[in-house]
Amino acid sequence: MIEKLNIIPIEEWFEGLSQPLLIAGPCSAESEEQVMATARGIAKIGKVKILRVGIWKPRSRPGTFEGAGDEALKWLRKVKEETGLLIAVEVATPLHVEKAVAAGIDILWVGARTTANPFSVEQIAQALNGVDIPVMVKNPVNPDLELWIGSLERLNRAGIKKLAAIHRGFYPYEKTRLRNIPKWEIAIDLKSKFPNLPILCDPSHIAGQAFLVPEIAQKALNLSLDGLMIEVHCNPSVALSDAKQQITPAQLETMLNELVFRSPSSVNNEFVDKLEQFRNKIDSIDQQMIDLLAQRMRIVEEIGEYKKKNNVSVFQIYRWENILKSRVDYGLRLDLNADYIKNLLQLVHNESIRKQADILNRKDNPSTK
Ligand code: PEP
Ligand code: MN
């Protein structure tokens, strides 16, 4: 059961906004100087109209920097007066909403950890009842499209029509090249369900490392997403949160000059054509398959080292028979042909054997033993 979302397009949020919507700013407000310097650097580029700033930070572990809090609202007012940038902050509680609205913040966003909790989103929605302010909703940390849609619906029901979604990737337990897995197919599904809902991408939280941000931003633009939210810090190496993924205002300028902005906003609502959407989903799934194969191979290597240490041979027939049978049975339950799974497994297994044989045959330098 999907409701239709009642959406006011980005161009009508504030004068001078257009698609793709560009938002940039520090992960966290740390000091007045840091916020001012970053905002000045961003404003100077002339292409970004909205400054993002985290002032109440949801941190995974206690004892880490939790943002400058209420005090930062004063700095943001100064930023706005001096640079003319619109200001966006993250809200996670009704009190945050109340304070941000009272301080004249222009745009709010709901963070990934909050979107994952319907109680929190409902409370935020209630606090926003009767307030005319744009709200952007990040995807939940877990890849659950219903939960993401549910949050958008809760806000929309509370009267928020200036609504957008932000795709920031999904948490992987295993180490992968990216900090959060993009799973673009989920953003594509959201766009197909709500063609008039603007969907931005946050390449910084997907990338996790500054040098990967442009690549992810370009991918989002290629998929005709409606904008970018990028983490920018005047001096990333000393940032108190997300230091590795923030870029400088100068790097932002270079990136914005080099990105290829493909489709004009007028065709964004039609998104890319259907075949292209299917292909993009396949691309995303293939990439995840390869990531998983790489993860599997790393474990195979660890097993190889372990076998070597304990003088065990590489190949154990009972294990292989068990792998084959359990995977084929599982594939059959998912309507996959038995030979298809068998052949695929054989390939994967051969490569694992080859890898472990390499490890066993390797002559270790005695000093590294
Ligand atoms: C952030 O934008 O700094 C942030 C906390 O992001 P997310 O909610 O996507 O983790
Ligand atoms: Mn951050």
# chains A, B, ... in the order shown; residues from 1 in each chain; ligands from 1
>>> residues_near_ligand(ligand="ligand 1", cutoff="6 Å", atoms="only C-alpha atoms and all ligand atoms", output="compact mmCIF listing (two decimals) with N, CA and C atoms, in the first residue's frame")
# COMPACT_ATOMS: atom_id res chain seq x y z
N CYS A 27 30.64 18.24 7.96
CA CYS A 27 29.92 17.18 8.68
C CYS A 27 29.39 17.80 9.97
N GLY A 54 26.07 19.82 10.49
CA GLY A 54 25.55 19.00 11.58
C GLY A 54 25.87 19.68 12.90
N GLY A 111 18.43 12.28 9.64
CA GLY A 111 19.60 11.44 9.37
C GLY A 111 19.25 9.97 9.28
N ALA A 112 20.22 9.21 8.77
CA ALA A 112 20.00 7.79 8.48
C ALA A 112 19.60 6.99 9.72
N ARG A 113 20.21 7.31 10.85
CA ARG A 113 19.90 6.54 12.06
C ARG A 113 18.49 6.85 12.54
N ARG A 168 22.24 7.91 0.84
CA ARG A 168 23.58 7.99 1.44
C ARG A 168 24.20 6.61 1.62
>>> residues_near_ligand(ligand="ligand 2", cutoff="10 Å", atoms="only C-alpha atoms and all ligand atoms", output="PyMOL selection string")
chain A and resi 25-28+53-54+57-59+111+202+204-205+208+230-232+240-246
>>> residues_around(residues="Arg327 of chain A", least_positions_apart="5", cutoff="12 Å", atoms="only C-alpha atoms", output="list in words")
Trp320, Glu321, Asn322, Leu332, Arg333, Leu334, Leu336, Asn337, Ala338, Asp339, Tyr340, Ile341, Lys342, Asn343, Leu344, Leu345 and Gln346 of chain A
>>> select_by_dssp(residues="segment 31-222 of chain A", states="strand (DSSP E)", output="MDAnalysis selection string")
chainID A and resid 50:53 86:90 107:110 135:138 163:167 199:201
>>> residues_around(residues="Leu225 of chain A", least_positions_apart="6", cutoff="7 Å", atoms="only C-alpha atoms", output="VMD selection string")
chain A and resid 199 to 201
>>> atom_distance(atom1="atom CA of Gln287 of chain A", atom2="atom CA of Glu301 of chain A")
21.1 Å
>>> closest_residue(among="A:Pro62, A:Pro134, A:Gly304, A:Gly169", to="Arg362 of chain A", atoms="only C-alpha atoms")
A:Gly304
>>> closest_residue(among="A:Ser237, A:Ser313, A:Thr115, A:Asn222", to="Glu146 of chain A", atoms="only C-alpha atoms")
A:Thr115
>>> closest_residue(among="A:Leu221, A:Val91, A:Ala357, A:Ile50", to="Gly69 of chain A", atoms="only C-alpha atoms")
A:Val91
